[in-house]
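Trainee: Here it is, the structure, as structure tokens.
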Amino acid sequence: MSGQRILEPPHELWRAGARELAHGVVERLSVARQALAEVGQFLVEIESRGPMELFGHGSTAGWFAETARISPNEARDTVTRALAVNESRNLDGTPAPAFAPIAGAAAAEGDLGHQQLDPILTVLKKIPAEVSAEDRSGAERILVNLARHAGPQEITNVGADLLAHLDPDGNEPKDEELKPPSREVHLRKRDDGWWRLNGLLDPEFGARANALFETWGQRRPVDEDGNRDPRTPGERHGDA
């Protein structure tokens, strides 16, 4: 677990610029996600020791629901998620590896919350047992890298593509879906000398490209005169 993190409380937010406000939100979201990931680690340890022995409760989820004052369903989901992304211990004391260790590490860093973890776990649970550990780990890495910059729906969409690749016999494909898409890039020179670019990227390369665009295509800080970056997202990605 990470060390204690202390954030200065906000003062006179009305004086803050847009960049300071955005940074404050992002920073505190990261700290909140880290804290929830650590709560999950505690819950896994409680589960490994037995909540009845520690607190006289029949289940870790039941104890957590009462302690956190949340619904039984929310508590059960939290415990299930924690057990999936953290290493635990079997009854004989031997280590039990995490189902999704890469996702767990990203959550501990504050990059992922339950909104990203849940669709990742949903996809991973659908991967057939005969898929190699290397391919499964590769799929998890793709989803985690994507989830650092994407929301639940995009994770679900890319996950569906990954499942179709890993389990091509899982569903009867339509005729137009028989040929899997491959990477494509098209360049066409316009009359004014500019070039138009479009194409199709596979899930892994698309996630990597999107991460680069998000990193290098961020808005410029507001200048001294209070002017905001006038570029559209497309223009910022083009500069990136």
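Labels for the structure tokens follow display order: chains A, B, ..., residues from 1 in each chain, ligands from 1.
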Excluding same-chain residues fewer than 5 positions from Ile120 in chain A, what lies within 9 Å of it counting only C-alpha atoms, as a ChimeraX atom specification?

Mentor: /A:100,103,125,140,143-144,147,152,155-156,159

Trainee: Step one, run DSSP on the backbone; step two, keep only residues of range 14-206 of chain A assigned to strand (DSSP E); then write them as a PDB file with C-alpha atoms, in the first residue's frame.

Mentor:
ATOM      1  CA  SER A  88      -5.224 -13.261  -1.407  1.00  0.00           C
ATOM      2  CA  ARG A  89      -4.498 -16.396   0.605  1.00  0.00           C
ATOM      3  CA  PRO A  95      -0.957 -17.384  -1.921  1.00  0.00           C
ATOM      4  CA  ALA A  96      -3.931 -17.150  -4.272  1.00  0.00           C
ATOM      5  CA  GLU A 184      -5.885   0.174 -42.628  1.00  0.00           C
ATOM      6  CA  VAL A 185      -4.500   3.632 -43.406  1.00  0.00           C
ATOM      7  CA  HIS A 186      -5.658   5.743 -46.358  1.00  0.00           C
ATOM      8  CA  LEU A 187      -3.961   8.937 -47.552  1.00  0.00           C
ATOM      9  CA  ARG A 188      -5.488  11.168 -50.228  1.00  0.00           C
ATOM     10  CA  LYS A 189      -3.998  14.405 -51.499  1.00  0.00           C
ATOM     11  CA  TRP A 195      -3.527  15.428 -47.238  1.00  0.00           C
ATOM     12  CA  ARG A 196      -6.589  13.687 -45.795  1.00  0.00           C
ATOM     13  CA  LEU A 197      -5.941  10.730 -43.490  1.00  0.00           C
ATOM     14  CA  ASN A 198      -8.319   8.050 -42.275  1.00  0.00           C
ATOM     15  CA  GLY A 199      -8.030   4.415 -41.318  1.00  0.00           C
ATOM     16  CA  LEU A 200      -8.890   1.533 -39.024  1.00  0.00           C
TER      17      LEU A 200
END

Trainee: Please provide the set of residues having any atom within 9 Å of Asp111 in chain A, restricted to only C-alpha atoms, with same-chain residues fewer than 2 positions apart removed, written as a list in words.

Mentor: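 The filter keeps Leu29, Ser30, Arg33, Gln34, Ala106, Ala107, Ala108, Glu109, Gly113, Ala147 and Arg148 of chain A.
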
Trainee: If we count only C-alpha atoms, what is near Ala37 in chain A at a cut-off of 12 Å, once residues fewer than 4 positions away on the same chain are taken out, given as a VMD selection string?

Mentor: chain A and resid 1 to 2 30 to 33 41 to 44 78 to 79 81 to 86 103 to 114 117

Trainee: Might you pull out every residue within 12 Å of Ala133 in chain A, with only C-alpha atoms counted and same-chain residues fewer than 4 positions away left off, and present them as a PyMOL selection string?

Mentor: chain A and resi 99-100+124+127-129+137-140+166

Trainee: Extract the full set of helix (DSSP H, G or I) residues from range 49-78 of chain A according to DSSP on the backbone, and format it as a list in words.

Mentor: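 Going through range 49-78 of chain A, the helix (DSSP H, G or I) residues come out as Arg49, Pro51, Met52, Glu53, Leu54, Phe55, Thr60, Ala61, Gly62, Trp63, Phe64, Ala65, Glu66, Thr67, Ala68, Pro72, Asn73, Glu74, Ala75, Arg76, Asp77 and Thr78 of chain A.
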
Trainee: Out of A:Val158, A:Ala61, A:Val222, A:Ile102, which residue has the shortest atom-to-atom distance to Pro203 in chain A when counting only C-alpha atoms?

Mentor: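 That would be A:Val158, the residue with the smallest distance to Pro203 in chain A.
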